[in-house]
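S.K.: My file is final_3.txt. It has compact mmCIF, C-alpha atoms:
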# COMPACT_ATOMS: atom_id res chain seq x y z
CA MET A 1 78.15 94.00 118.18
CA ILE A 2 77.63 91.34 115.51
CA THR A 3 80.42 88.78 115.34
CA HIS A 4 81.07 86.15 112.73
CA ASP A 5 82.46 82.68 113.23
CA LEU A 6 83.94 80.68 110.38
CA SER A 7 83.84 77.42 112.36
CA GLY A 8 81.95 74.91 110.29
CA TYR A 9 81.71 77.32 107.36
CA LEU A 10 84.93 76.22 105.69
CA PRO A 11 85.91 72.58 105.23
CA LYS A 12 88.84 71.56 107.41
CA ILE A 13 91.85 72.59 105.40
CA GLU A 14 95.18 71.00 106.22
CA HIS A 15 97.26 71.94 103.18
CA TYR A 16 98.77 75.22 102.04
CA LEU A 17 99.70 76.50 98.59
CA VAL A 18 102.41 79.17 98.74
CA VAL A 19 102.60 81.28 95.58
CA ASP A 20 104.47 84.18 94.02
CA LEU A 21 104.03 85.53 90.49
CA GLU A 22 105.83 87.91 88.17
CA THR A 23 103.56 89.62 85.66
CA THR A 24 103.23 92.31 83.02
CA ASP A 25 101.22 94.82 85.06
CA ARG A 26 100.67 96.02 88.62
CA VAL A 27 96.90 95.97 88.08
CA SER A 28 95.63 92.43 88.55
CA LEU A 29 92.84 92.70 85.96
CA ASN A 30 95.35 93.63 83.24
CA ALA A 31 98.31 91.54 84.39
CA GLN A 32 99.44 88.59 82.29
CA LEU A 33 101.50 85.86 83.88
CA ILE A 34 105.17 85.55 82.99
CA THR A 35 106.60 83.37 85.76
CA GLY A 36 105.30 81.83 88.96
CA TYR A 37 106.37 79.37 91.63
CA PHE A 38 104.08 77.19 93.75
CA LEU A 39 104.80 75.15 96.88
CA LEU A 40 102.25 72.67 98.22
CA LEU A 41 102.65 72.11 101.98
CA ASP A 42 101.18 69.43 104.21
CA LYS A 43 99.64 70.12 107.62
CA ASN A 44 103.12 70.06 109.16
CA LEU A 45 104.26 72.77 106.70
CA LYS A 46 106.53 70.35 104.83
CA ILE A 47 106.91 70.85 101.07
CA ILE A 48 105.32 67.94 99.20
CA LYS A 49 104.97 69.37 95.67
CA GLU A 50 106.48 72.21 93.63
CA TYR A 51 105.43 73.79 90.35
CA ASP A 52 107.46 76.17 88.18
CA LEU A 53 105.30 78.25 85.82
CA LYS A 54 106.49 80.08 82.73
CA ALA A 55 104.06 81.71 80.30
CA ARG A 56 104.45 83.82 77.18
CA PRO A 57 102.17 86.89 77.50
CA MET A 58 99.67 87.31 74.68
CA ILE A 59 100.42 91.04 74.35
CA TRP A 60 103.57 92.95 75.29
CA ASP A 61 102.58 96.59 75.87
CA LYS A 62 104.01 99.63 77.65
CA GLN A 63 103.06 98.29 81.09
CA ALA A 64 104.82 95.01 80.29
CA GLU A 65 107.94 96.87 79.21
CA ASP A 66 107.82 99.05 82.34
CA SER A 67 107.55 95.87 84.45
CA VAL A 68 110.97 94.72 83.20
CA ALA A 69 112.49 97.26 85.60
CA ILE A 70 110.91 95.29 88.46
CA HIS A 71 111.51 91.64 87.58
CA GLY A 72 114.07 91.84 84.76
CA ILE A 73 112.23 89.48 82.39
CA GLY A 74 112.27 91.06 78.94
CA TYR A 75 110.45 90.52 75.66
CA ASP A 76 113.17 88.33 74.11
CA GLN A 77 113.27 85.99 77.11
CA CYS A 78 109.46 85.64 77.17
CA LYS A 79 109.45 84.45 73.58
CA SER A 80 111.07 81.20 74.69
CA PHE A 81 108.30 80.43 77.23
CA PRO A 82 105.27 78.22 76.49
CA ILE A 83 102.39 80.10 74.87
CA HIS A 84 99.85 81.46 77.34
CA SER A 85 97.11 78.95 76.50
CA GLN A 86 99.44 75.97 76.95
CA ALA A 87 100.83 77.36 80.21
CA MET A 88 97.32 77.83 81.63
CA GLN A 89 96.25 74.35 80.52
CA ASP A 90 99.31 72.82 82.21
CA LEU A 91 98.63 74.82 85.37
CA TYR A 92 95.02 73.65 85.36
CA LYS A 93 96.16 70.02 85.09
CA TRP A 94 98.46 70.53 88.06
CA LEU A 95 95.78 72.26 90.17
CA VAL A 96 93.50 69.25 89.58
CA THR A 97 95.96 67.08 91.51
CA LEU A 98 95.85 69.24 94.65
CA PRO A 99 93.78 68.83 97.81
CA THR A 100 91.84 71.80 99.17
CA CYS A 101 94.43 74.36 100.32
CA HIS A 102 94.91 77.67 102.02
CA PHE A 103 96.25 80.04 99.35
CA VAL A 104 99.32 81.77 100.83
CA ALA A 105 100.98 84.83 99.25
CA HIS A 106 102.65 87.96 100.52
CA ALA A 107 100.59 90.72 98.88
CA ASN A 108 98.42 92.76 101.26
CA ARG A 109 95.00 91.16 101.14
CA THR A 110 93.01 94.37 101.62
CA ILE A 111 94.46 95.94 98.47
CA PHE A 112 92.11 93.89 96.29
CA GLY A 113 89.20 93.53 98.71
CA LYS A 114 88.64 91.13 101.55
CA PHE A 115 88.43 88.04 99.39
CA SER A 116 91.58 88.26 97.30
CA THR A 117 95.25 89.15 97.01
CA TYR A 118 97.14 90.33 93.95
CA ASP A 119 98.47 86.85 93.17
CA TYR A 120 95.08 85.18 93.55
CA ALA A 121 93.40 87.86 91.44
CA VAL A 122 95.98 87.52 88.66
CA LEU A 123 95.63 83.75 88.59
CA THR A 124 91.86 84.12 88.46
CA SER A 125 91.92 86.53 85.52
CA ASN A 126 94.47 84.48 83.54
CA LEU A 127 92.66 81.17 84.11
CA PHE A 128 89.32 82.86 83.41
CA TYR A 129 90.38 83.48 79.81
CA TYR A 130 90.07 79.71 79.22
CA SER A 131 87.25 79.02 81.74
CA TYR A 132 89.74 77.31 84.09
CA GLN A 133 89.22 79.63 87.08
CA PHE A 134 86.82 77.27 88.87
CA MET A 135 89.64 74.83 89.53
CA LEU A 136 91.45 77.55 91.48
CA TYR A 137 88.26 78.36 93.41
CA SER A 138 87.69 74.70 94.30
CA ARG A 139 91.28 74.03 95.35
CA CYS A 140 91.82 77.36 97.14
CA PRO A 141 88.53 78.85 98.42
CA THR A 142 88.63 82.64 98.63
CA LYS A 143 87.76 82.67 102.34
CA SER A 144 90.85 80.56 103.10
CA ILE A 145 93.40 83.00 101.65
CA ILE A 146 96.29 83.85 103.96
CA SER A 147 98.51 86.88 103.33
CA THR A 148 101.87 86.92 105.12
CA HIS A 149 101.65 90.72 104.92
CA SER A 150 98.35 90.49 106.83
CA LEU A 151 99.85 88.01 109.31
CA ALA A 152 102.61 90.49 110.14
CA LYS A 153 100.03 93.26 110.54
CA TYR A 154 97.82 90.99 112.68
CA LEU A 155 100.79 90.31 114.97
CA ASN A 156 101.67 94.03 115.00
CA LEU A 157 105.33 93.35 114.26
CA SER A 158 107.60 96.36 114.69
CA CYS A 159 108.88 96.52 111.11
CA ASN A 160 107.75 97.43 107.64
CA TYR A 161 105.64 94.67 106.13
CA ASP A 162 107.10 94.53 102.61
CA LEU A 163 108.75 91.22 101.77
CA LYS A 164 112.40 92.35 102.09
CA SER A 165 111.89 94.26 105.35
CA LEU A 166 109.91 91.45 106.93
CA SER A 167 112.48 88.88 105.81
CA SER A 168 115.29 90.95 107.31
CA TYR A 169 113.34 91.48 110.56
CA LEU A 170 112.92 87.72 110.95
CA GLY A 171 116.63 87.09 110.34
CA LEU A 172 116.24 85.26 107.04
CA ASN A 173 118.96 85.06 104.41
CA ALA A 174 119.23 87.62 101.62
CA PHE A 175 117.36 86.67 98.44
CA THR A 176 116.77 87.89 94.89
CA HIS A 177 113.58 89.92 95.16
CA HIS A 178 111.09 89.75 92.26
CA ASP A 179 112.30 86.32 91.25
CA ALA A 180 109.20 84.12 91.56
CA LYS A 181 110.96 81.11 93.05
CA ALA A 182 113.08 83.13 95.47
CA ASP A 183 110.07 85.18 96.62
CA THR A 184 107.96 82.04 97.09
CA LEU A 185 110.66 80.39 99.18
CA VAL A 186 111.11 83.41 101.44
CA CYS A 187 107.33 83.79 101.75
CA TYR A 188 107.28 80.14 102.85
CA GLU A 189 109.95 80.79 105.51
CA ILE A 190 108.04 83.85 106.78
CA PHE A 191 104.79 81.89 106.82
CA LYS A 192 106.33 79.04 108.85
CA ARG A 193 107.48 81.49 111.51
CA LEU A 194 104.37 83.65 111.74
CA ILE A 195 101.64 81.02 111.53
CA LYS A 196 102.85 79.48 114.80
CA GLU A 197 101.96 82.73 116.58
CA VAL A 198 98.43 83.02 115.16
CA ASP A 199 94.99 81.72 116.04
CA ILE A 200 94.05 80.86 112.46
CA GLU A 201 90.28 80.97 113.00
CA ASP A 202 90.47 84.41 114.62
CA PHE A 203 92.79 85.61 111.86
CA LEU A 204 90.46 84.42 109.08
CA ASN A 205 87.44 85.92 110.85
CA LYS A 206 89.13 89.31 110.88
CA GLU A 207 90.39 88.97 107.31
CA ASN A 208 87.01 88.06 105.87
CA PHE A 209 84.60 90.15 107.91
CA ASN A 210 86.33 93.21 109.30
CA LEU A 211 85.16 95.44 106.47
CA GLY A 212 86.03 98.60 108.38
CA VAL A 213 89.74 98.11 107.78
CA GLN A 214 91.05 100.93 105.59
CA ASN A 215 92.88 99.91 102.46
CA GLU A 216 96.23 101.41 103.34
CA THR A 217 97.71 100.88 99.89
CA SER A 218 94.77 101.90 97.71
CA LYS A 219 96.26 105.33 97.02
CA LYS A 220 99.30 103.66 95.46
CA ALA A 221 97.33 101.75 92.84
CA ARG A 222 96.98 103.41 89.48
CA SER A 223 93.78 103.47 87.45
CA THR A 224 92.53 100.03 86.42
CA ARG A 225 91.41 101.36 83.04
CA PRO A 226 92.97 99.13 80.36
CA SER A 227 95.90 100.54 78.47
CA GLN A 228 95.06 102.15 75.13
CA VAL A 229 98.39 100.94 73.75
CA GLN A 230 97.91 97.75 71.76
CA GLY A 231 101.50 96.65 72.21
CA LEU A 232 103.37 93.78 70.57
CA GLN A 233 101.44 90.58 70.06
CA PHE A 234 103.29 87.30 70.42
As a first step, turn the structure in this file into structure tokens.

M.R.:
Amino acid sequence: MITHDLSGYLPKIEHYLVVDLETTDRVSLNAQLITGYFLLLDKNLKIIKEYDLKARPMIWDKQAEDSVAIHGIGYDQCKSFPIHSQAMQDLYKWLVTLPTCHFVAHANRTIFGKFSTYDYAVLTSNLFYYSYQFMLYSRCPTKSIISTHSLAKYLNLSCNYDLKSLSSYLGLNAFTHHDAKADTLVCYEIFKRLIKEVDIEDFLNKENFNLGVQNETSKKARSTRPSQVQGLQF
């Protein structure tokens, strides 16, 4: 059997960037950012920086309107947010200040392939529009992504792995789900508990190279074909 070892392949990474996003679409390629919250952690998992993102989507279509049922952020509220280009420029300027980090989010990593999660893919596509995506790649290499969903699966915890179920299983306080800041903070609390139980090199080896893992959520994803509805342009 061929085995793979990441030792020496990645630079030593001692920081973590915990992220949650609320967007206009469940499909990462089509999703435009609305809100996001970022926590930069040091090697001791202490919060050293925070970033609160708000962005006005360029187009508000049927998928965006349907998404209101999930996160509750409607068209009128979005109009008060910074325009998309300004929001992405500000995010880029903040990313520049970061050290190399593990990118930590809750979404199941295998849903978007072995080298991404939903949140990472959405950030990539939104930054790509302005040729800013390379700053994300340099600060958070794809092979260093950590999914708390995958951590729970790796540890074979006896609960469902969605954010609310996992939070409840670990005895965390109730929170407002699909609020970017609240979700980021609970993801952080889950991460702090689970990472202590994990051999990080073994975990990353399995995440990046175990291509035989079935995508257990692929059947839930709808077609990635772009919507034919033009929608409202801001």

S.K.: Could you pull out every residue with an atom within 9 Å of (98.1, 83.3, 105.7), file coordinates, counting all atoms listed in the file, and send them as a list in words?

M.R.: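 It turns out the residues near that spot are Tyr16, His102, Phe103, Val104, Ala105, His106, Ser144, Ile145, Ile146, Ser147, Thr148, His149, Ser150, Leu151, Phe191, Leu194, Ile195, Ile200, Phe203 and Leu204 of chain A.
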
S.K.: Out of A:Ile73, A:Leu155, A:Ile47, A:Ile190, which residue has the shortest atom-to-atom distance to Tyr169 in chain A when counting only C-alpha atoms?

M.R.: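 Using only C-alpha atoms, Tyr169 in chain A sits closest to A:Ile190.
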
S.K.: At what distance in Å, to one decimal, does CA of Leu170 in chain A lie from CA of Cys101 in chain A?

M.R.: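 Pair CA of Cys101 in chain A / CA of Leu170 in chain A returns 25.2 Å.
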
S.K.: Need to verify the contact set: Gln86 in chain A, 12 Å, all atoms listed in the file, exclusion of same-chain residues closer than 3 positions in sequence. Can you return it as a list in words?

M.R.: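 Once the nearby chain positions are removed, what remains is Leu53, Lys54, Ala55, Arg56, Pro57, Met58, Phe81, Pro82, Ile83, Gln89, Asp90, Leu91, Tyr92, Lys93, Asn126, Leu127 and Tyr130 of chain A.
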
S.K.: Name the residues in contact with Trp94 in chain A at a cut-off of 12 Å, using only C-alpha atoms, excluding same-chain residues fewer than 2 positions from it; report them as a PyMOL selection string.

M.R.: chain A and resi 38-40+49-53+87-92+96-99+132+135-136+139

S.K.: If you measure from CA of Cys78 in chain A to CA of Ile34 in chain A, what distance in Å do you get, rounded to one decimal?

M.R.: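 According to the coordinates, CA of Cys78 in chain A and CA of Ile34 in chain A are separated by 7.2 Å.
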
S.K.: List as an MDAnalysis selection string the residues having at least one atom at most 12 Å from position (96.3, 91.5, 85.5) as given in the file, counting all atoms listed in the file.

M.R.: chainID A and resid 21:34 57 59 63:64 112 117:129 224:227

S.K.: Using only C-alpha atoms, which of A:Ala174, A:Leu45, A:Ala152, A:Leu95 sits nearest Ala107 in chain A?

M.R.: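 The closest residue to Ala107 in chain A is A:Ala152.
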
S.K.: Which is closer to Ile48 in chain A than all the others in A:His71, A:Lys164, A:Lys79, A:His15, using all atoms listed in the file?

M.R.: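 Among the listed residues, A:His15 lies closest to Ile48 in chain A.
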
S.K.: One decimal, Å: what's the distance from CA of Thr184 in chain A over to CA of Asp42 in chain A, could you say?

M.R.: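 Calculated distance between CA of Thr184 in chain A and CA of Asp42 in chain A is 16.0 Å.
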
S.K.: Edge lengths and centre in Å to one decimal, as lines of an AutoDock Vina configuration file, of the axis-aligned box that encloses all listed atoms of range 167-186 of chain A with 8 Å added on every side?

M.R.:
center_x = 113.6
center_y = 85.9
center_z = 101.1
size_x = 27.3
size_y = 27.1
size_z = 35.7

S.K.: Write out as a CSV table (one decimal) with C-alpha atoms, keeping the file's coordinate frame each polymer residue whose atoms come within 12 Å of Gly171 in chain A, counting only C-alpha atoms; drop sequence neighbours fewer than 5 positions from it.

M.R.:
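That gives us selection12.csv:
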chain,number,residue,atom,x,y,z
A,164,LYS,CA,112.4,92.4,102.1
A,165,SER,CA,111.9,94.3,105.4
A,166,LEU,CA,109.9,91.4,106.9
A,186,VAL,CA,111.1,83.4,101.4
A,189,GLU,CA,110.0,80.8,105.5
A,190,ILE,CA,108.0,83.8,106.8
A,193,ARG,CA,107.5,81.5,111.5

S.K.: Could you tell me which of A:Lys206, A:Asp199, A:Ser116, A:Asp20 comes closest to His177 in chain A if we count all atoms listed in the file?

M.R.: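 Using all atoms listed in the file, the shortest distance to His177 in chain A belongs to A:Asp20.
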
S.K.: Output range 63-91 of chain A with N, CA and C atoms present, as a short mmCIF file (atom, residue, chain, number, x, y, z; two decimals), in the coordinates of the input.

M.R.:
data_model
loop_
_atom_site.label_atom_id
_atom_site.label_comp_id
_atom_site.auth_asym_id
_atom_site.auth_seq_id
_atom_site.Cartn_x
_atom_site.Cartn_y
_atom_site.Cartn_z
N GLN A 63 103.02 98.74 79.70
CA GLN A 63 103.06 98.29 81.09
C GLN A 63 103.99 97.08 81.24
N ALA A 64 103.94 96.18 80.25
CA ALA A 64 104.82 95.01 80.29
C ALA A 64 106.28 95.44 80.21
N GLU A 65 106.56 96.39 79.34
CA GLU A 65 107.94 96.87 79.21
C GLU A 65 108.39 97.58 80.49
N ASP A 66 107.49 98.37 81.08
CA ASP A 66 107.82 99.05 82.34
C ASP A 66 108.09 98.04 83.46
N SER A 67 107.40 96.89 83.41
CA SER A 67 107.55 95.87 84.45
C SER A 67 108.93 95.21 84.43
N VAL A 68 109.63 95.32 83.31
CA VAL A 68 110.97 94.72 83.20
C VAL A 68 111.90 95.32 84.26
N ALA A 69 111.67 96.60 84.58
CA ALA A 69 112.49 97.26 85.60
C ALA A 69 112.31 96.62 86.97
N ILE A 70 111.19 95.93 87.18
CA ILE A 70 110.91 95.29 88.46
C ILE A 70 111.48 93.88 88.50
N HIS A 71 111.11 93.06 87.51
CA HIS A 71 111.51 91.64 87.58
C HIS A 71 112.61 91.25 86.60
N GLY A 72 112.95 92.11 85.65
CA GLY A 72 114.07 91.84 84.76
C GLY A 72 113.81 90.85 83.65
N ILE A 73 112.56 90.46 83.43
CA ILE A 73 112.23 89.48 82.39
C ILE A 73 111.75 90.23 81.16
N GLY A 74 112.57 90.27 80.12
CA GLY A 74 112.27 91.06 78.94
C GLY A 74 111.54 90.30 77.85
N TYR A 75 111.21 91.04 76.80
CA TYR A 75 110.45 90.52 75.66
C TYR A 75 111.13 89.31 75.02
N ASP A 76 112.45 89.42 74.79
CA ASP A 76 113.17 88.33 74.11
C ASP A 76 113.16 87.05 74.93
N GLN A 77 113.28 87.18 76.25
CA GLN A 77 113.27 85.99 77.11
C GLN A 77 111.88 85.34 77.12
N CYS A 78 110.84 86.16 77.15
CA CYS A 78 109.46 85.64 77.17
C CYS A 78 109.14 84.82 75.93
N LYS A 79 109.76 85.16 74.82
CA LYS A 79 109.45 84.45 73.58
C LYS A 79 109.80 82.97 73.65
N SER A 80 110.67 82.61 74.57
CA SER A 80 111.07 81.20 74.69
C SER A 80 110.15 80.41 75.62
N PHE A 81 109.20 81.09 76.28
CA PHE A 81 108.30 80.43 77.23
C PHE A 81 107.12 79.80 76.50
N PRO A 82 106.47 78.80 77.10
CA PRO A 82 105.27 78.22 76.49
C PRO A 82 104.20 79.29 76.23
N ILE A 83 103.44 79.14 75.16
CA ILE A 83 102.39 80.10 74.87
C ILE A 83 101.39 80.12 76.03
N HIS A 84 100.72 81.24 76.19
CA HIS A 84 99.85 81.46 77.34
C HIS A 84 98.81 80.35 77.50
N SER A 85 98.16 79.97 76.41
CA SER A 85 97.11 78.95 76.50
C SER A 85 97.65 77.62 76.99
N GLN A 86 98.85 77.23 76.52
CA GLN A 86 99.44 75.97 76.95
C GLN A 86 99.86 76.05 78.42
N ALA A 87 100.41 77.19 78.82
CA ALA A 87 100.83 77.36 80.21
C ALA A 87 99.64 77.27 81.16
N MET A 88 98.51 77.86 80.77
CA MET A 88 97.32 77.83 81.63
C MET A 88 96.71 76.42 81.66
N GLN A 89 96.76 75.73 80.55
CA GLN A 89 96.25 74.35 80.52
C GLN A 89 97.10 73.45 81.42
N ASP A 90 98.42 73.62 81.36
CA ASP A 90 99.31 72.82 82.21
C ASP A 90 99.09 73.15 83.69
N LEU A 91 98.90 74.43 83.99
CA LEU A 91 98.63 74.82 85.37
C LEU A 91 97.32 74.22 85.85
#
